[in-house]
$ cat my_file.cif   # mmCIF, N, CA and C atoms
data_target
loop_
_atom_site.group_PDB
_atom_site.id
_atom_site.type_symbol
_atom_site.label_atom_id
_atom_site.label_comp_id
_atom_site.auth_asym_id
_atom_site.auth_seq_id
_atom_site.Cartn_x
_atom_site.Cartn_y
_atom_site.Cartn_z
ATOM 1 N N MET E 1 206.182 137.143 71.091
ATOM 2 C CA MET E 1 206.900 136.444 72.138
ATOM 3 C C MET E 1 208.241 137.135 72.354
ATOM 4 N N ASN E 2 208.729 137.089 73.573
ATOM 5 C CA ASN E 2 210.007 137.683 73.949
ATOM 6 C C ASN E 2 210.922 136.586 74.465
ATOM 7 N N TYR E 3 212.209 136.727 74.189
ATOM 8 C CA TYR E 3 213.162 135.667 74.504
ATOM 9 C C TYR E 3 214.364 136.205 75.270
ATOM 10 N N THR E 4 214.830 135.408 76.211
ATOM 11 C CA THR E 4 216.116 135.618 76.860
ATOM 12 C C THR E 4 216.988 134.466 76.381
ATOM 13 N N TYR E 5 218.204 134.784 75.950
ATOM 14 C CA TYR E 5 219.038 133.761 75.338
ATOM 15 C C TYR E 5 220.482 133.876 75.804
ATOM 16 N N ILE E 6 221.206 132.777 75.644
ATOM 17 C CA ILE E 6 222.637 132.753 75.920
ATOM 18 C C ILE E 6 223.339 132.245 74.670
ATOM 19 N N LEU E 7 224.377 132.959 74.281
ATOM 20 C CA LEU E 7 225.230 132.555 73.170
ATOM 21 C C LEU E 7 226.572 132.112 73.724
ATOM 22 N N GLN E 8 227.131 131.082 73.114
ATOM 23 C CA GLN E 8 228.509 130.713 73.419
ATOM 24 C C GLN E 8 229.361 131.304 72.304
ATOM 25 N N CYS E 9 230.354 132.083 72.689
ATOM 26 C CA CYS E 9 231.219 132.742 71.713
ATOM 27 C C CYS E 9 232.391 131.845 71.341
ATOM 28 N N GLY E 10 233.073 132.216 70.278
ATOM 29 C CA GLY E 10 234.180 131.437 69.759
ATOM 30 C C GLY E 10 235.294 131.198 70.757
ATOM 31 N N ASP E 11 235.458 132.107 71.706
ATOM 32 C CA ASP E 11 236.503 131.944 72.720
ATOM 33 C C ASP E 11 235.996 131.211 73.957
ATOM 34 N N GLY E 12 234.739 130.721 73.897
ATOM 35 C CA GLY E 12 234.164 129.990 75.023
ATOM 36 C C GLY E 12 233.410 130.859 76.007
ATOM 37 N N SER E 13 233.484 132.165 75.838
ATOM 38 C CA SER E 13 232.753 133.048 76.745
ATOM 39 C C SER E 13 231.255 132.965 76.449
ATOM 40 N N LEU E 14 230.449 133.452 77.381
ATOM 41 C CA LEU E 14 228.994 133.404 77.259
ATOM 42 C C LEU E 14 228.436 134.822 77.205
ATOM 43 N N TYR E 15 227.470 135.026 76.338
ATOM 44 C CA TYR E 15 226.794 136.319 76.199
ATOM 45 C C TYR E 15 225.308 136.099 76.415
ATOM 46 N N THR E 16 224.697 136.932 77.229
ATOM 47 C CA THR E 16 223.258 136.840 77.497
ATOM 48 C C THR E 16 222.563 138.086 76.959
ATOM 49 N N GLY E 17 221.426 137.888 76.306
ATOM 50 C CA GLY E 17 220.656 138.999 75.778
ATOM 51 C C GLY E 17 219.174 138.674 75.753
ATOM 52 N N TRP E 18 218.392 139.619 75.265
ATOM 53 C CA TRP E 18 216.951 139.388 75.105
ATOM 54 C C TRP E 18 216.533 139.996 73.767
ATOM 55 N N THR E 19 215.453 139.500 73.220
ATOM 56 C CA THR E 19 214.929 140.000 71.954
ATOM 57 C C THR E 19 213.477 139.577 71.793
ATOM 58 N N ASN E 20 212.790 140.207 70.866
ATOM 59 C CA ASN E 20 211.442 139.747 70.530
ATOM 60 C C ASN E 20 211.419 139.118 69.137
ATOM 61 N N GLN E 21 212.598 138.996 68.519
ATOM 62 C CA GLN E 21 212.734 138.345 67.211
ATOM 63 C C GLN E 21 213.992 137.475 67.264
ATOM 64 N N LEU E 22 213.871 136.313 67.842
ATOM 65 C CA LEU E 22 215.029 135.478 68.124
ATOM 66 C C LEU E 22 215.832 135.122 66.871
ATOM 67 N N GLU E 23 215.182 134.589 65.859
ATOM 68 C CA GLU E 23 215.917 134.176 64.656
ATOM 69 C C GLU E 23 216.680 135.346 64.042
ATOM 70 N N HIS E 24 216.012 136.482 63.926
ATOM 71 C CA HIS E 24 216.634 137.677 63.344
ATOM 72 C C HIS E 24 217.826 138.131 64.186
ATOM 73 N N ARG E 25 217.667 138.130 65.499
ATOM 74 C CA ARG E 25 218.737 138.597 66.381
ATOM 75 C C ARG E 25 219.955 137.667 66.319
ATOM 76 N N ILE E 26 219.719 136.370 66.276
ATOM 77 C CA ILE E 26 220.833 135.425 66.187
ATOM 78 C C ILE E 26 221.568 135.623 64.860
ATOM 79 N N LYS E 27 220.833 135.835 63.779
ATOM 80 C CA LYS E 27 221.467 136.102 62.484
ATOM 81 C C LYS E 27 222.326 137.369 62.554
ATOM 82 N N GLN E 28 221.826 138.395 63.242
ATOM 83 C CA GLN E 28 222.604 139.622 63.401
ATOM 84 C C GLN E 28 223.915 139.343 64.136
ATOM 85 N N HIS E 29 223.820 138.609 65.242
ATOM 86 C CA HIS E 29 225.024 138.279 65.997
ATOM 87 C C HIS E 29 226.019 137.517 65.124
ATOM 88 N N LYS E 30 225.544 136.507 64.414
ATOM 89 C CA LYS E 30 226.430 135.672 63.590
ATOM 90 C C LYS E 30 227.083 136.460 62.457
ATOM 91 N N ALA E 31 226.393 137.484 61.969
ATOM 92 C CA ALA E 31 226.921 138.303 60.881
ATOM 93 C C ALA E 31 227.812 139.431 61.383
ATOM 94 N N GLY E 32 228.014 139.519 62.705
ATOM 95 C CA GLY E 32 228.852 140.578 63.252
ATOM 96 C C GLY E 32 228.133 141.904 63.398
ATOM 97 N N ARG E 33 226.806 141.880 63.341
ATOM 98 C CA ARG E 33 226.015 143.098 63.485
ATOM 99 C C ARG E 33 225.203 143.086 64.778
ATOM 100 N N GLY E 34 225.580 142.203 65.700
ATOM 101 C CA GLY E 34 224.874 142.117 66.976
ATOM 102 C C GLY E 34 225.513 143.053 67.982
ATOM 103 N N ALA E 35 225.595 142.614 69.189
ATOM 104 C CA ALA E 35 226.179 143.416 70.261
ATOM 105 C C ALA E 35 227.674 143.618 70.029
ATOM 106 N N LYS E 36 228.200 144.700 70.562
ATOM 107 C CA LYS E 36 229.624 144.996 70.447
ATOM 108 C C LYS E 36 230.464 143.827 70.964
ATOM 109 N N TYR E 37 230.034 143.218 72.066
ATOM 110 C CA TYR E 37 230.784 142.109 72.650
ATOM 111 C C TYR E 37 230.857 140.935 71.686
ATOM 112 N N THR E 38 229.744 140.539 71.122
ATOM 113 C CA THR E 38 229.756 139.359 70.253
ATOM 114 C C THR E 38 230.490 139.627 68.947
ATOM 115 N N ARG E 39 230.471 140.859 68.466
ATOM 116 C CA ARG E 39 231.219 141.191 67.238
ATOM 117 C C ARG E 39 232.702 140.868 67.412
ATOM 118 N N ALA E 40 233.207 141.052 68.619
ATOM 119 C CA ALA E 40 234.629 140.826 68.894
ATOM 120 C C ALA E 40 234.930 139.381 69.296
ATOM 121 N N HIS E 41 233.881 138.534 69.415
ATOM 122 C CA HIS E 41 234.076 137.165 69.897
ATOM 123 C C HIS E 41 233.410 136.122 69.002
ATOM 124 N N LEU E 42 233.389 136.387 67.702
ATOM 125 C CA LEU E 42 232.792 135.446 66.758
ATOM 126 C C LEU E 42 233.639 134.184 66.640
ATOM 127 N N PRO E 43 233.064 133.068 66.232
ATOM 128 C CA PRO E 43 231.646 132.854 65.923
ATOM 129 C C PRO E 43 230.828 132.649 67.198
ATOM 130 N N VAL E 44 229.509 132.752 67.056
ATOM 131 C CA VAL E 44 228.615 132.538 68.191
ATOM 132 C C VAL E 44 227.642 131.408 67.893
ATOM 133 N N LYS E 45 227.174 130.777 68.957
ATOM 134 C CA LYS E 45 226.227 129.670 68.832
ATOM 135 C C LYS E 45 225.171 129.816 69.926
ATOM 136 N N LEU E 46 223.915 129.697 69.557
ATOM 137 C CA LEU E 46 222.835 129.733 70.532
ATOM 138 C C LEU E 46 222.867 128.458 71.357
ATOM 139 N N VAL E 47 222.982 128.596 72.691
ATOM 140 C CA VAL E 47 223.055 127.414 73.551
ATOM 141 C C VAL E 47 221.924 127.349 74.572
ATOM 142 N N TYR E 48 221.146 128.436 74.708
ATOM 143 C CA TYR E 48 220.076 128.443 75.711
ATOM 144 C C TYR E 48 219.057 129.519 75.351
ATOM 145 N N CYS E 49 217.802 129.223 75.604
ATOM 146 C CA CYS E 49 216.746 130.185 75.317
ATOM 147 C C CYS E 49 215.532 129.924 76.199
ATOM 148 N N GLU E 50 214.910 130.986 76.667
ATOM 149 C CA GLU E 50 213.637 130.922 77.391
ATOM 150 C C GLU E 50 212.695 131.914 76.727
ATOM 151 N N SER E 51 211.406 131.622 76.707
ATOM 152 C CA SER E 51 210.434 132.552 76.128
ATOM 153 C C SER E 51 209.523 133.112 77.209
ATOM 154 N N PHE E 52 209.066 134.350 76.979
ATOM 155 C CA PHE E 52 208.221 135.067 77.934
ATOM 156 C C PHE E 52 207.153 135.849 77.185
ATOM 157 N N PRO E 53 205.982 136.014 77.788
ATOM 158 C CA PRO E 53 204.923 136.764 77.118
ATOM 159 C C PRO E 53 205.184 138.272 77.057
ATOM 160 N N THR E 54 205.985 138.815 77.986
ATOM 161 C CA THR E 54 206.212 140.262 77.991
ATOM 162 C C THR E 54 207.695 140.612 77.929
ATOM 163 N N LYS E 55 207.959 141.787 77.396
ATOM 164 C CA LYS E 55 209.318 142.313 77.306
ATOM 165 C C LYS E 55 209.933 142.452 78.696
ATOM 166 N N SER E 56 209.160 142.957 79.647
ATOM 167 C CA SER E 56 209.708 143.170 80.990
ATOM 168 C C SER E 56 210.131 141.856 81.648
ATOM 169 N N GLN E 57 209.402 140.774 81.406
ATOM 170 C CA GLN E 57 209.781 139.482 81.969
ATOM 171 C C GLN E 57 211.088 138.981 81.346
ATOM 172 N N ALA E 58 211.222 139.147 80.040
ATOM 173 C CA ALA E 58 212.446 138.723 79.358
ATOM 174 C C ALA E 58 213.637 139.548 79.829
ATOM 175 N N MET E 59 213.443 140.848 79.988
ATOM 176 C CA MET E 59 214.528 141.714 80.440
ATOM 177 C C MET E 59 214.916 141.404 81.888
ATOM 178 N N ARG E 60 213.929 141.109 82.704
ATOM 179 C CA ARG E 60 214.207 140.755 84.098
ATOM 180 C C ARG E 60 215.015 139.466 84.158
ATOM 181 N N ARG E 61 214.657 138.485 83.330
ATOM 182 C CA ARG E 61 215.391 137.212 83.309
ATOM 183 C C ARG E 61 216.810 137.413 82.768
ATOM 184 N N GLU E 62 216.964 138.274 81.780
ATOM 185 C CA GLU E 62 218.307 138.591 81.269
ATOM 186 C C GLU E 62 219.169 139.134 82.416
ATOM 187 N N TRP E 63 218.629 140.054 83.184
ATOM 188 C CA TRP E 63 219.349 140.639 84.315
ATOM 189 C C TRP E 63 219.734 139.555 85.319
ATOM 190 N N GLU E 64 218.792 138.664 85.617
ATOM 191 C CA GLU E 64 219.077 137.575 86.568
ATOM 192 C C GLU E 64 220.212 136.687 86.066
ATOM 193 N N ILE E 65 220.154 136.301 84.798
ATOM 194 C CA ILE E 65 221.182 135.421 84.247
ATOM 195 C C ILE E 65 222.536 136.120 84.214
ATOM 196 N N LYS E 66 222.551 137.401 83.858
ATOM 197 C CA LYS E 66 223.813 138.138 83.810
ATOM 198 C C LYS E 66 224.484 138.216 85.182
ATOM 199 N N HIS E 67 223.726 138.063 86.232
ATOM 200 C CA HIS E 67 224.283 138.111 87.585
ATOM 201 C C HIS E 67 224.659 136.736 88.133
ATOM 202 N N LEU E 68 224.469 135.690 87.335
ATOM 203 C CA LEU E 68 224.906 134.357 87.742
ATOM 204 C C LEU E 68 226.404 134.216 87.486
ATOM 205 N N SER E 69 227.032 133.340 88.226
ATOM 206 C CA SER E 69 228.441 133.030 87.960
ATOM 207 C C SER E 69 228.526 132.208 86.672
ATOM 208 N N ARG E 70 229.708 132.124 86.112
ATOM 209 C CA ARG E 70 229.891 131.300 84.915
ATOM 210 C C ARG E 70 229.476 129.863 85.190
ATOM 211 N N ARG E 71 229.854 129.344 86.344
ATOM 212 C CA ARG E 71 229.494 127.972 86.715
ATOM 213 C C ARG E 71 227.974 127.804 86.744
ATOM 214 N N GLU E 72 227.268 128.766 87.303
ATOM 215 C CA GLU E 72 225.802 128.695 87.372
ATOM 216 C C GLU E 72 225.177 128.763 85.973
ATOM 217 N N LYS E 73 225.753 129.594 85.106
ATOM 218 C CA LYS E 73 225.248 129.677 83.727
ATOM 219 C C LYS E 73 225.451 128.353 82.995
ATOM 220 N N LEU E 74 226.616 127.755 83.168
ATOM 221 C CA LEU E 74 226.877 126.469 82.519
ATOM 222 C C LEU E 74 225.938 125.382 83.031
ATOM 223 N N ARG E 75 225.621 125.423 84.316
ATOM 224 C CA ARG E 75 224.670 124.465 84.884
ATOM 225 C C ARG E 75 223.279 124.697 84.297
ATOM 226 N N LEU E 76 222.887 125.958 84.166
ATOM 227 C CA LEU E 76 221.590 126.302 83.571
ATOM 228 C C LEU E 76 221.504 125.761 82.147
ATOM 229 N N ILE E 77 222.560 125.948 81.371
ATOM 230 C CA ILE E 77 222.595 125.465 79.990
ATOM 231 C C ILE E 77 222.516 123.941 79.952
ATOM 232 N N ALA E 78 223.291 123.281 80.810
ATOM 233 C CA ALA E 78 223.321 121.813 80.826
ATOM 234 C C ALA E 78 221.977 121.224 81.253
ATOM 235 N N ASP E 79 221.320 121.865 82.201
ATOM 236 C CA ASP E 79 220.040 121.361 82.709
ATOM 237 C C ASP E 79 218.877 121.650 81.778
ATOM 238 N N ASN E 80 218.965 122.720 81.001
ATOM 239 C CA ASN E 80 217.853 123.151 80.157
ATOM 240 C C ASN E 80 218.334 123.644 78.802
ATOM 241 N N PRO E 81 218.960 122.795 78.005
ATOM 242 C CA PRO E 81 219.406 123.252 76.683
ATOM 243 C C PRO E 81 218.206 123.725 75.873
ATOM 244 N N TRP E 82 218.439 124.594 74.957
ATOM 245 C CA TRP E 82 217.312 125.196 74.234
ATOM 246 C C TRP E 82 216.589 124.203 73.373
ATOM 247 N N GLY E 83 217.143 123.043 73.158
ATOM 248 C CA GLY E 83 216.390 121.963 72.545
ATOM 249 C C GLY E 83 216.465 121.907 71.040
ATOM 250 N N PRO E 84 215.780 120.919 70.470
ATOM 251 C CA PRO E 84 215.824 120.713 69.025
ATOM 252 C C PRO E 84 215.082 121.808 68.265
ATOM 253 N N PRO E 85 215.490 122.084 67.035
ATOM 254 C CA PRO E 85 214.851 123.136 66.234
ATOM 255 C C PRO E 85 213.348 122.962 66.087
ATOM 256 N N ALA E 86 212.837 121.740 66.185
ATOM 257 C CA ALA E 86 211.396 121.535 66.032
ATOM 258 C C ALA E 86 210.590 122.218 67.127
ATOM 259 N N SER E 87 211.191 122.429 68.305
ATOM 260 C CA SER E 87 210.444 123.023 69.401
ATOM 261 C C SER E 87 210.793 124.479 69.647
ATOM 262 N N HIS E 88 211.777 125.007 68.926
ATOM 263 C CA HIS E 88 212.203 126.398 69.103
ATOM 264 C C HIS E 88 212.555 126.994 67.755
ATOM 265 N N PRO E 89 212.570 128.336 67.696
ATOM 266 C CA PRO E 89 212.979 128.958 66.435
ATOM 267 C C PRO E 89 214.383 128.499 66.042
ATOM 268 N N SER E 90 214.605 128.391 64.777
ATOM 269 C CA SER E 90 215.902 127.929 64.272
ATOM 270 C C SER E 90 217.008 128.868 64.695
ATOM 271 N N GLU E 91 218.208 128.341 64.900
ATOM 272 C CA GLU E 91 219.328 129.203 65.251
ATOM 273 C C GLU E 91 220.024 129.734 64.012
ATOM 274 N N ALA E 92 219.506 129.379 62.855
ATOM 275 C CA ALA E 92 220.037 129.777 61.540
ATOM 276 C C ALA E 92 220.996 130.860 61.640
#

$ encode --input "my_file.cif" --output "structure tokens"
Amino acid sequence: MNYTYILQCGDGSLYTGWTNQLEHRIKQHKAGRGAKYTRAHLPVKLVYCESFPTKSQAMRREWEIKHLSRREKLRLIADNPWGPPASHPSEA
């Protein structure tokens, strides 16, 4: 499975990415071994996630989300939070 996700950084900024190993990638971000942007804006928290069967679909959705305004991203998060751990991989 492939995922497009949004992290909320310690300064309130939002970071969007994609991965095929969500739990592992979130752990990398939290440990400061993720993207250059998130390393400089710790701590991070997973606030939104979508799953896709293919890498290209996840990457396309990442591109779409990155082109949304901050207001639109916040609305997306509020309308579709990634939900309880029982229905999604843990944000550990």

$ resolve_selection --input "my_file.cif" --expression "the PyMOL selection byres ((chain E and resi 18) around 6.5)" --output "PyMOL selection string"
chain E and resi 3-5+16-17+19-20+58-59+62

$ resolve_selection --input "my_file.cif" --expression "the PyMOL selection byres (((chain E and resi 27-29 and name CA) around 10) and name CA)" --output "PyMOL selection string"
chain E and resi 7+22-26+30-39+41-46+91-92

$ atom_distance --input "my_file.cif" --atom1 "atom CA of His67 of chain E" --atom2 "atom CA of Asp11 of chain E"
20.2 Å

$ select_by_dssp --input "my_file.cif" --residues "chain E" --states "strand (DSSP E)" --output "ChimeraX atom specification"
/E:2-9,14-19,44-52

$ atom_distance --input "my_file.cif" --atom1 "atom C of Gly10 of chain E" --atom2 "atom C of Gln57 of chain E"
27.5 Å

$ select_by_dssp --input "my_file.cif" --residues "chain E" --states "helix (DSSP H, G or I)" --output "count of residues only"
38

$ atom_distance --input "my_file.cif" --atom1 "atom CA of Met1 of chain E" --atom2 "atom N of Arg60 of chain E"
13.5 Å

$ closest_residue --input "my_file.cif" --among "E:Trp63, E:Ile6, E:Ala78, E:Glu72" --to "Val47 of chain E" --atoms "only C-alpha atoms"
E:Ile6

$ closest_residue --input "my_file.cif" --among "E:Ala40, E:Tyr15, E:Pro53, E:Gln21" --to "Lys66 of chain E" --atoms "only N, CA and C atoms"
E:Tyr15
